[in-house]
Structure formats: structure tokens, C-alpha cells
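Single-structure report; data block below.
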Amino acid sequence: MNRKTLVLPAVVGLLAPVLVACGSTDGGSGGGDAIVVGTTDQFVAGEDAPAPLDPAYAYDTGAWNVLRQTLQTLMHTPRGGGEPVPDAAESCIFTDTVSESYRCKLRSGLQFADGTPVTAEDVKFSIERVLEIDADNGTAALLSNIDTIETKGDNEIIFHLATPDATFPYKLSTPAAGIVSKEKYDGKKLREGFQVDGSGPYTMKTETDGDRISKVVFTKNPKYKGDLKLKNDKVVLRSFPDADSMGRALDSGDIDLMTRAMSPEQIRDMLENPKDGVKLTEMPGLEIRYLAFDTSDPVVKDKAVRQAMASLVDRGQIAGEVYGATAEPLYSLIPKSISAHTNSFFNKYGEPSRKEAAALLSEAGIDTPVKLTLHYTTDHYGEGTAKEFEALRDQLNASELFDVRIQGTEWSKFRPAQKRGDYAVYGLGWFPDFPDPDNYTAPFLGEGNFLNSPYVSDKARALIPQSRREVDRTAAAPAFKQIQEIVAKDVPVLPLWQGKQYVAARDDITGVEWVLNSSSDLQLWELSKGGTA
């Protein structure tokens with residue numbers, strides 16, 4: 001019979017309380033006991049990114065969703081969201097009143113998958129390694145507030161922070177703080193290729209096609225001791241070049257479930273024409289999309305150019321015509337489903353206005369039309385991205401104030417070029433590391449930020465550590481309001497829209513409503529075939 005499931009968990013608050021192997025490792029409806037999950041995430045090892053699955057380098061949702069299955073962290077986010085709870089740790093607590101000293105005690109009997117004991121020294125090594133390597137992907141910035149790490153015996157770790165940080169437990173729940181063995185990872189350089197060794201819920205083997213992963217086989221790790229309860233023994237993650245091929249695989253029974261990123265057309269079709277044997281599950285998401293600027297580039301160095309673009313962009317048209325029900329306009333870096341959000345860009349620029357944009361450019365003495373290229377990635381965020389950038393180009397060119405062309409590049413080349421500063425204007429998406437407004441501001445505006453941006457606001461950089469002092473996160477709202485106003489005024493980034501999440505699965509798969517949390521973390525351990533979740 002036709003089935004469609006729409007699951008709408010509670011909205012998140014301010015702080016919502018491998019050796020390459022080949023062989024026969026398939027599953028799915030057509031063979032074996034494994035649950036087969038499809039994704040359009042691409043995992044490529046190349047000259048610019050030789051270590052895509054090293055926790056000291058990895059800083060994108062696709063890579064993190066592999067690491068979350070294989071590396072254990074001291075804390076993890078529980079299935080329904082809320083404050084992190086212990087995983088590798090037995091307990092963790094701030095030992096002072098100003099959130100500067102954080103003590104964790106490890107569970108007894110922890111082991112890596114090869115049987116080697118996990119000790120406090122391994123935790124210390126893993127986190128200091130990320131800070132020591134300080135890869136240009138921005139991962140280390142998450143942990144950069146750590147001053148020193150102290151161990152006591154084999155099972156106690158104390159983190160001494162440089163400044164108070166009430167969000168620190170969240171940071172310890174990210175793959176950047178994943179625990180690795182000092183016997184298998186070099187403390188001073190990245191581990192190239194696709195090998196991952198940890199103490200997480202699964203072990204993994206990969207199948208590759210040239211320089212990219214085609215399939216990851218996750219097998220239940222019998223050595224795992226932690227808070228997660230696995231509902232399956234094996235999951236296969238298959239990477240597809242596009243949403244259409246992933247959809248055909250679901251229809252044919254080659255896969256059991258497809259996650260990110262379904263195309264807007266697929267979602268619309270499944271909502272309007274439900275398919276026998278397949279259910280569509282909707283979940284709230286915290287993904288945002290935005291344009292970012294190399295503020296040192298001569299084309300956009302004058303903020304009047306960036307402000308004029310902010311005055312012209314019609315977010316409603318992009319969300320409605322390109323993404324339909326899967327997106328809504330966004331007027332701040334902080335999405336409106338996170339407390340402390342303000343519509344800072346709408347408050348400053350209002351509805352799209354050619355008149356206002358022309359006045360901004362004229363007052364700054366900018367000759368028009370301003371010629372620039374909008375760069376986007378063709379294979380990282382889904383097939384709607386190209387149409388989105390066509391719409392952006394057409395909106396800006398229709399004003400006759402800009403002469404815009406667009407250029408798409410695959411992620412494995414796009415991200416290194418963006419970090420090098422090759423692009424004056426480029427589009428990116430953001431899936432939060434944890435659901436707090438800090439994670440929508442510090443990674444973009446802080447020192448050593450994810451964008452490798454030359455933009456500096458001394459005021460914003462002073463407000464970020466100030467906001468982290470507040471254990472009651474609602475008390476941090478005034479600081480975040482000021483940060484959002486600074487971003488709207490200077491426009492180092494231009495927010496466009498925030499999205500929902502959808503998963504399509506065959507109707508004998510249970511646990512689908514938990515397979516992605518609001519931060520788009522893939523929780524494969526929640527899935528089972530037949531039975532009940």
C-alpha cells in the first residue's frame with residue numbers, strides 16, 4: 001500500500017538540553033543481511049586532500065558521518081537531541097564555577113577494535129594531535145580553546161581551558177575529538193587514504209573506484225563499550241554520483257534507504273505521488289546555505305559591493321522556485337529554529353531593492369556593472385545547487401548593476417581552491433557541529449575559521465568568548481544579536497536559506513526517524529530491518 005511518514009521531532013533550542021579492501025560485502029533487499037544506505041556524498045583522496053577521513057583534517061558532513069560510526073568520543077549527542085551524554089566517558093563534569101576546567105572519567109574496559117586498551121593518554125594524544133597538526137581545513141579551531149590536558153592514571157582526563165566555554169561538552173562530542181591510537185596514528189602528520197581505526201560502534205572496510213570510495217562496509221564492533229545500542233550487525237554505505245542514480249537504486253531494491261542529498265524534484269514527487277513499499281520521512285534540519293566572500297579580493301573588497309548583493313538577492317524566489325517545501329528564506333547566519341536568531345539581514349536591507357543597491361554602489365563610487373563570478377560545488381550539496389546559482393545570477397544581472405557568470409566545480413577541487421583564496425565569491429552550506437548559535441558564528445568569524453577568511457571583526461571576536469561564559473545559553477542572546485548585526489553590516493557572508501531533511505526508505509526498515517538528527521549526523525546504529533525499532 002502507499003505509505004508516507006512525516007515525522008516532526010521537537011525544535012532545537014539555543015542549546016538543545018581503514019585498509020582499502022575489496023570483496024563481497026553487499027546487502028540490501030537483494031542479498032545478505034546488511035542494510036544498504038545510499039548517499040551522494042563523495043569521498044575522494046587527492047593531492048589537495050590526501051587524508052579525507054583523518055579526524056585532524058575531516059570537517060565536512062560526509063566525512064564526519066563515516067567517522068561517527070567508527071571513532072568514539074568522550075561525549076555524544078543522544079538520539080533525541082539535547083545536552084551531550086557520556087559515551088567513551090563514564091562521567092564528565094565542569095569542576096569549577098566558570099567553565100574552565102572539565103574532568104572526564106573513562107568507562108572501564110574500553111578497547112580499540114584490535115583489542116588494545118583505550119587509556120586517558122590515548123584521549124590526550126588524539127586531541128593534542130588535532131591541535132598540533134592544525135590542518136588548513138579548520139578542524140583544530142573547534143578545540144583551540146584548550147590550554148592544557150592533564151591525565152591521572154589510565155582513566156581520568158582534565159581539560160584546562162584558556163577561557164570559559166560552556167559549549168565545550170558539545171565540542172567533545174564531535175569527530176574532531178575522536179579517540180585514535182597513538183600506535184596507529186602519527187602525532188605530527190595526517191594519515192593519508194581511507195583507513196580508520198577506532199573504538200566506535202563499527203569497524204569499517206572500503207571499496208574504491210580509483211581515488212574515491214564507492215562503498216563502505218560497517219560491521220558491528222564486538223569490542224565497543226559505550227552508550228549506543230546497535231540495532232543491526234552490518235550496514236553498507238554506497239556513494240552515488242547523483243540523486244537520480246541513488247533513487248533508481250532504491251526503486252530497484254539495490255539499496256534500502258537514501259539519505260543526503262535527495263533532489264527537490266524527488267522529494268516533491270514522493271510527497272505528491274507516494275510509492276508502494278517506500279516511505280518518506282521528514283525531519284527538522286539545521287542546514288544553512290550562504291554566499292561567502294574573499295574580502296581581500298579587489299572585486300568585493302569594498303563592502304558596498306557585498307551590501308548591494310544583499311539588497312538584491314530574493315531569497316523567497318530561490319527557496320520557493322528551486323527548493324519548494326524543502327527550504328525557507330534565511331536572514332541570518334543563525335537559523336530561526338535556534339534561539340538567539342534575529343532577522344538581521346531583513347532588518348537592515350528589507351525586501352529586494354534595486355534602488356537601494358544602486359544607491360549603495362553610487363555612494364561608494366563603484367563603477368557598474370560589477371563583473372564577478374559566483375563559484376559553487378557541483379557534487380556536494382545536491383542537484384538543486386546549480387539551479388540555485390542560475391537563479392542568483394539571473395537576479396543580480398536583471399538589476400544591470402552586476403555582470404555575473406557562474407562556475408561549478410566538483411568538491412574535491414572546489415574546497416581546496418576556496419581555502420587558497422581562488423574565489424572572490426562562492427557558495428557553501430553548513431551543517432552544525434552542535435546545535436548552538438556559537439557554532440554558526442565562531443567557525444565563520446573566529447581566528448583559524450573554517451572559511452580561511454581574511455575578514456576580521458575585532459568586536460565579533462571579542463563577543464564570541466564572552467558568549468561562551470554563559471552556562472544558561474539564553475543569557476548569551478544579547479552577544480549573538482550584536483554578532484548578527486555586525487555580519488549584516490559588513491557582509492563577509494550572505495545567508496540564503498535553511499533546509500529540512502528527508503529520508504526515503506523501504507517500508508521494512510525501522511528506526512528511520514532517528515537515522516539523522518537535526519545536525520544531519522548519520523546514526524546508522526538506529527536502523528534495523530523488519531521487527532521494531
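We name chains A, B, ... following the order of the C-alpha cells; residues begin at 1 in each chain, and ligands are numbered from 1 as shown.
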So which residues of segment 409-498 of chain A fall under helix (DSSP H, G or I) by DSSP, listed as a ChimeraX atom specification? /A:411-420,437-440,442-445,458-468,473-490
Excluding same-chain residues fewer than 4 positions from segment 170-187 of chain A, what lies within 9 Å of it counting only C-alpha atoms, as number ranges by chain? A: 55-59, 64-65, 67-68, 71-77, 83-88, 112, 116, 118, 121-130, 132-133, 139-140, 142-143, 166, 191, 196-200, 433-436
Which is closer to Arg248 of chain A than all the others in A:Gln266, A:Ser91, A:Ser362, A:Thr377, using only C-alpha atoms?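 Going through A:Gln266, A:Ser91, A:Ser362, A:Thr377 one by one, the smallest distance to Arg248 of chain A is for A:Gln266.
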I want to know what sits within 6 Å of segment 211-220 of chain A, based on only C-alpha atoms, with residues of the same chain fewer than 5 positions away left out; could you give that as a ChimeraX atom specification? /A:43-45,202-206,233-239
Find the residue from A:Glu356, A:Thr97, A:Thr148, A:Lys189 that sits nearest to Ala51 of chain A; use only C-alpha atoms when measuring.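 Counting only C-alpha atoms, the residue closest to Ala51 of chain A is A:Lys189.
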